[in-house]
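This report concerns only the one structure given below.
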Amino acid sequence: MLSYRSHPHTGGQGIYLRHLSRELANLGHQVEVISGQPYPELDHPGVTLTKVPSLDLYRQPDPFRVPKLREFRDRIDVEEFATMCIAGFPEPKTFSLRAARLLKDRVDDFDIVHDNQVLGYGMLEIEKLGLPLITTLHHPITFDRRIDIAQTRNPWRKFTLWRWYGFLRMQAKVARAARRIMTPSEASKRDIATDFGVDPARMQVILLGVDDGFVPPSKPRVPGRILAMASADAPMKGIATLLEAFAKLRTERDLELVLVTKPRPGGRTEKLIDKLAIADSVHFVSGVSDAELVELMGSAEIACVPSLYEGFSLPTAELMACATPLIVSRAGAIPEVVGPDGECADLVTPGDVGELGAALAALLDDPERRERMGRAGRRRVEELFSWRAVATKVAAAYEDVIAEYRREQEEHTDADR
């Protein structure tokens with residue numbers, strides 16, 4: 001399994017890698033994770049981690065750093081630094097080149113290679129080495145680019161964003177060449193077909209799972225607590241909409257907003273909180289253990305997912321597993337995750353402050369409906385979202401791809417004769 005940045009706290013790709021690798025190993029498969037920095041947290045002692053160091057140019061607390069001359073090992077390192085210097089994001093390409101180079105000497109060690117949304121040019125070389133390749137594409141990052149640029153007024157900032165997202169041309173090209181793409185929702189499948197030009201016949205929807213540790217709370221929920229889990233400064237996550245709706249409600253009610261994220265100091269979220277004068281009622285939580293996170297998710301009366309787009313939204317399913325009632329945006333794959341409007345969650349228009357505020361107020365005033373929605377959410381997770389089921393379906397997809405690849409190799413051999 002290949003992943004260019006894999007720590008669970010850096011996003012859904014790391015969470016996917018962690019749980020899927022564990023369940024594949026539990027099914028009896030030998031799994032090796034080949035990852036760039038920040039490295040993953042792996043749950044199964046039988047899953048091997050092979051580290052592929054980069055220059056780690058974006059590490060905290062020194063992002064966009066200038067490496068010392070002795071850190072440069074080869075031309076890939078030079079390309080990585082040069083791309084950063086011209087405002088590009090090099091990691092998908094440079095990791096893919098390093099991974100292909102590593103696999104060149106290890107072809108006999110594996111039956112299949114699984115690309116976890118790297119989609120770098122190095123992926124095109126892997127099947128030439130003699131290894132079948134399957135790809136997971138969680139959602140096309142074109143949506144992130146559109147939303148980021150639409151919410152930026154500064155012309156220079158718009159230009160640098162276009163440069164940053166320059167890797168998307170490469171990802172689209174590699175996706176079109178991919179043998180099989182797994183994606184977690186019908187919404188993502190449609191968007192990959194539209195934005196990347198991938199043939200839908202080569203895509204397969206496999207839902208994501210929820211870890212068994214996400215369970216309903218054993219303690220009473222905190223009155224007036226609203227929770228959201230999202231990158232605070234990413235416009236696509238819609239936190240600004242939630243903050244404005246919360247500020248209006250806060251003038252009439254005793255409420256608390258807990259944001260599970262670490263905001264950028266002096267970033268747009270902190271500035272908006274100061275402008276709305278709600279700093280005393282908004283609390284940030286980050287760096288907590290899994291057990292602490294589950295307890296926090298179960299402590300809220302309501303959780304909110306105000307995203308402008310999601311390819312799946314794993315936190316939404318995790319909150320449902322904790323029986324926490326939800327108010328979510330009618331965006332991307334979120335409606336697929338939560339089901340019919342009003343059953344496990346109330347759906348609202350993305351970016352609509354008034355509609356979100358009204359939905360929050362109505363649900364805060366209806367404890368019986370909150371209880372009913374929480375129970376329905378828990379049932380839905382138990383019925384649909386299991387990592388073991390995900391691993392079983394992924395393993396079946398592996399078998400299909402391996403068989404297809406071997407047939408093609410035999411046909412080419414016969415043709416050569």
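We name chains A, B, ... following the order of the structure tokens; residues begin at 1 in each chain, and ligands are numbered from 1 as shown.
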
**Message:** For the structure I just gave you, how does DSSP split range 270-407 of chain A - specifically, which residues are helix (DSSP H, G or I)? Reply as a ChimeraX atom specification.
**Reply:** /A:270-276,290-297,314-321,334-338,353-364,367-384,387-407

Residues near range 357-361 of chain A, anyone? I mean within 8 Å using only C-alpha atoms, not counting same-chain ones fewer than 4 positions away, as an mmCIF file with all heavy atoms, in the first residue's frame.
data_model
loop_
_atom_site.group_PDB
_atom_site.id
_atom_site.type_symbol
_atom_site.label_atom_id
_atom_site.label_comp_id
_atom_site.auth_asym_id
_atom_site.auth_seq_id
_atom_site.Cartn_x
_atom_site.Cartn_y
_atom_site.Cartn_z
ATOM 1 N N ALA A 245 -23.354 31.296 12.044
ATOM 2 C CA ALA A 245 -24.642 30.815 12.565
ATOM 3 C C ALA A 245 -24.582 30.703 14.084
ATOM 4 O O ALA A 245 -25.539 31.077 14.788
ATOM 5 C CB ALA A 245 -24.973 29.459 11.939
ATOM 6 N N PHE A 246 -23.480 30.197 14.612
ATOM 7 C CA PHE A 246 -23.314 30.054 16.060
ATOM 8 C C PHE A 246 -23.338 31.422 16.747
ATOM 9 O O PHE A 246 -23.948 31.580 17.815
ATOM 10 C CB PHE A 246 -21.994 29.338 16.367
ATOM 11 C CG PHE A 246 -21.685 29.223 17.824
ATOM 12 C CD1 PHE A 246 -22.277 28.244 18.602
ATOM 13 C CD2 PHE A 246 -20.801 30.114 18.432
ATOM 14 C CE1 PHE A 246 -22.003 28.142 19.960
ATOM 15 C CE2 PHE A 246 -20.514 30.022 19.781
ATOM 16 C CZ PHE A 246 -21.120 29.034 20.548
ATOM 17 N N LYS A 248 -24.918 34.101 15.943
ATOM 18 C CA LYS A 248 -26.293 34.596 16.062
ATOM 19 C C LYS A 248 -27.062 33.863 17.158
ATOM 20 O O LYS A 248 -27.797 34.465 17.940
ATOM 21 C CB LYS A 248 -27.011 34.469 14.717
ATOM 22 C CG LYS A 248 -26.446 35.385 13.637
ATOM 23 C CD LYS A 248 -27.193 35.248 12.319
ATOM 24 C CE LYS A 248 -26.617 36.185 11.277
ATOM 25 N NZ LYS A 248 -27.328 36.098 9.979
ATOM 26 N N LEU A 249 -26.905 32.557 17.217
ATOM 27 C CA LEU A 249 -27.574 31.768 18.258
ATOM 28 C C LEU A 249 -27.051 32.131 19.640
ATOM 29 O O LEU A 249 -27.799 32.127 20.629
ATOM 30 C CB LEU A 249 -27.370 30.275 18.003
ATOM 31 C CG LEU A 249 -28.099 29.655 16.823
ATOM 32 C CD1 LEU A 249 -27.631 28.218 16.615
ATOM 33 C CD2 LEU A 249 -29.610 29.678 17.048
ATOM 34 N N ILE A 302 -25.317 18.211 19.778
ATOM 35 C CA ILE A 302 -25.442 18.216 18.321
ATOM 36 C C ILE A 302 -24.036 18.296 17.724
ATOM 37 O O ILE A 302 -23.171 19.006 18.247
ATOM 38 C CB ILE A 302 -26.254 19.434 17.823
ATOM 39 C CG1 ILE A 302 -27.678 19.421 18.381
ATOM 40 C CG2 ILE A 302 -26.307 19.470 16.294
ATOM 41 C CD1 ILE A 302 -28.460 20.683 18.029
ATOM 42 N N ILE A 327 -26.391 17.866 12.095
ATOM 43 C CA ILE A 327 -26.860 18.789 11.063
ATOM 44 C C ILE A 327 -25.739 18.888 10.050
ATOM 45 O O ILE A 327 -24.595 19.209 10.411
ATOM 46 C CB ILE A 327 -27.225 20.161 11.639
ATOM 47 C CG1 ILE A 327 -28.424 20.026 12.578
ATOM 48 C CG2 ILE A 327 -27.545 21.139 10.515
ATOM 49 C CD1 ILE A 327 -28.799 21.285 13.302
ATOM 50 N N ASP A 346 -30.266 16.319 9.937
ATOM 51 C CA ASP A 346 -30.982 17.331 9.167
ATOM 52 C C ASP A 346 -30.026 17.884 8.126
ATOM 53 O O ASP A 346 -28.886 18.261 8.442
ATOM 54 C CB ASP A 346 -31.462 18.464 10.079
ATOM 55 C CG ASP A 346 -32.643 18.045 10.935
ATOM 56 O OD1 ASP A 346 -33.372 17.116 10.547
ATOM 57 O OD2 ASP A 346 -32.845 18.662 12.004
ATOM 58 N N VAL A 348 -28.929 20.709 5.293
ATOM 59 C CA VAL A 348 -29.111 22.127 4.997
ATOM 60 C C VAL A 348 -28.292 22.501 3.767
ATOM 61 O O VAL A 348 -27.381 21.781 3.362
ATOM 62 C CB VAL A 348 -28.701 23.017 6.194
ATOM 63 C CG1 VAL A 348 -29.591 22.739 7.402
ATOM 64 C CG2 VAL A 348 -27.233 22.810 6.563
ATOM 65 N N VAL A 353 -26.022 30.536 6.059
ATOM 66 C CA VAL A 353 -25.923 30.800 7.497
ATOM 67 C C VAL A 353 -27.291 30.754 8.164
ATOM 68 O O VAL A 353 -27.473 30.147 9.229
ATOM 69 C CB VAL A 353 -25.246 32.167 7.739
ATOM 70 C CG1 VAL A 353 -25.277 32.519 9.237
ATOM 71 C CG2 VAL A 353 -23.817 32.157 7.224
ATOM 72 N N ASP A 365 -33.933 22.615 20.543
ATOM 73 C CA ASP A 365 -35.206 22.716 21.271
ATOM 74 C C ASP A 365 -35.995 21.409 21.284
ATOM 75 O O ASP A 365 -37.109 21.378 21.815
ATOM 76 C CB ASP A 365 -36.075 23.820 20.638
ATOM 77 C CG ASP A 365 -35.531 25.216 20.907
ATOM 78 O OD1 ASP A 365 -34.759 25.369 21.881
ATOM 79 O OD2 ASP A 365 -35.853 26.138 20.131
#

**Message:** Taking 4 positions as the minimum chain separation for residues in the same chain, which residues sit within 7 Å of Ser386 in chain A when counting only C-alpha atoms? Answer as a PyMOL selection string.
**Reply:** chain A and resi 209-210+390

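Distances from A:Arg406, A:Arg18, A:His283, A:Arg59 to Glu127 in chain A were compared using only C-alpha atoms, and the smallest one belongs to A:Arg406.
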
**Request:** For Thr392 in chain A, list every protein, DNA or RNA residue within 9 Å, evaluated using only C-alpha atoms, and leave out those in the same chain fewer than 3 positions away; present the list as a list in words.
**Result:** Glu23, Leu24, Leu27, Trp387, Arg388, Ala389, Ala395, Ala396 and Ala397 of chain A

Serialized selection, C-alpha atoms, as a compact mmCIF listing (two decimals), in the first residue's frame:
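Listing of again.txt after writing:
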# COMPACT_ATOMS: atom_id res chain seq x y z
CA GLU A 23 -8.31 -5.53 8.56
CA LEU A 24 -6.51 -6.91 5.51
CA LEU A 27 -8.06 -11.54 6.95
CA TRP A 387 -13.87 -1.88 8.13
CA ARG A 388 -13.87 -5.67 7.95
CA ALA A 389 -16.50 -5.53 5.20
CA ALA A 395 -9.37 -7.96 -1.22
CA ALA A 396 -11.88 -9.22 -3.82
CA ALA A 397 -10.99 -6.24 -6.01

**Asked** Got a sec to tell me which of range 84-317 of chain A DSSP assigns to strand (DSSP E), as a VMD selection string?
**Response** chain A and resid 113 to 116 133 to 136 181 to 183 203 to 205 225 to 229 256 to 260 282 to 285 302 to 305

**Asked** Excluding same-chain residues fewer than 6 positions from Glu310 in chain A, what lies within 8 Å of it counting only C-alpha atoms, as a list in words?
**Response** His139, Ala331, Gly332, Ala333 and Ile334 of chain A

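Here the question is which of A:Ser329, A:Ser35, A:Thr194, A:Ser281 gets nearest to Thr94 in chain A using only C-alpha atoms, and that residue is A:Ser35.
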
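Of the residues under consideration (A:Thr10, A:Thr349, A:Val47, A:Pro216), A:Val47 shows the shortest atom-to-atom contact distance to Ala25 in chain A when counting only C-alpha atoms.
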
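CA of Pro90 in chain A lies 22.4 Å from CA of Ile181 in chain A.
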
**Item:** Shell around Ala345 in chain A at 8 Å using only C-alpha atoms, local window under 5 positions removed, as a count of residues only
**Value:** 9

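CA of Asp144 in chain A lies 17.8 Å from CA of Gly267 in chain A.
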
**Complete:** Min atom-atom distance to Met297 in chain A from the set A:Lys271, A:Pro217, A:Glu336, A:Gly354, counting only C-alpha atoms, belongs to A:Pro217

**Request:** Skip Leu168 in chain A itself and residues of its chain fewer than 5 positions away, then list as number ranges by chain all residues within 9 Å of it, counting only C-alpha atoms.
**Result:** A: 140-142, 173, 196

Could those selected residues go to a file with N, CA, C and O atoms, as a PDB file, in the first residue's frame?
ATOM      1  N   PRO A 140     -11.819  13.884  -6.155  1.00  0.00           N
ATOM      2  CA  PRO A 140     -10.901  14.700  -6.942  1.00  0.00           C
ATOM      3  C   PRO A 140     -10.651  16.040  -6.242  1.00  0.00           C
ATOM      4  O   PRO A 140     -11.593  16.742  -5.871  1.00  0.00           O
ATOM      5  N   ILE A 141      -9.376  16.397  -6.075  1.00  0.00           N
ATOM      6  CA  ILE A 141      -9.016  17.609  -5.334  1.00  0.00           C
ATOM      7  C   ILE A 141      -9.382  18.866  -6.123  1.00  0.00           C
ATOM      8  O   ILE A 141      -9.205  19.985  -5.653  1.00  0.00           O
ATOM      9  N   THR A 142      -9.916  18.688  -7.328  1.00  0.00           N
ATOM     10  CA  THR A 142     -10.408  19.831  -8.097  1.00  0.00           C
ATOM     11  C   THR A 142     -11.454  20.620  -7.318  1.00  0.00           C
ATOM     12  O   THR A 142     -11.572  21.838  -7.478  1.00  0.00           O
ATOM     13  N   LYS A 173      -4.218  12.827 -15.322  1.00  0.00           N
ATOM     14  CA  LYS A 173      -3.613  11.978 -16.345  1.00  0.00           C
ATOM     15  C   LYS A 173      -3.383  10.563 -15.822  1.00  0.00           C
ATOM     16  O   LYS A 173      -3.689   9.573 -16.504  1.00  0.00           O
ATOM     17  N   PHE A 196     -11.941  14.401 -13.899  1.00  0.00           N
ATOM     18  CA  PHE A 196     -10.704  13.741 -14.324  1.00  0.00           C
ATOM     19  C   PHE A 196     -10.869  12.959 -15.628  1.00  0.00           C
ATOM     20  O   PHE A 196      -9.888  12.471 -16.182  1.00  0.00           O
TER      21      PHE A 196
END

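Compared by their closest atoms to Leu293 in chain A, and using only C-alpha atoms, the residues A:Leu49, A:Met236, A:Val337, A:Val215 rank with A:Val215 nearest.
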
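You can rank A:Phe167, A:Phe143, A:Phe95, A:Tyr39 by their closest distance to His9 in chain A using only C-alpha atoms, and at the top of that list sits A:Tyr39.
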
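For the pair CA of Ile226 in chain A and CA of Ser188 in chain A, the interatomic distance is 28.1 Å.
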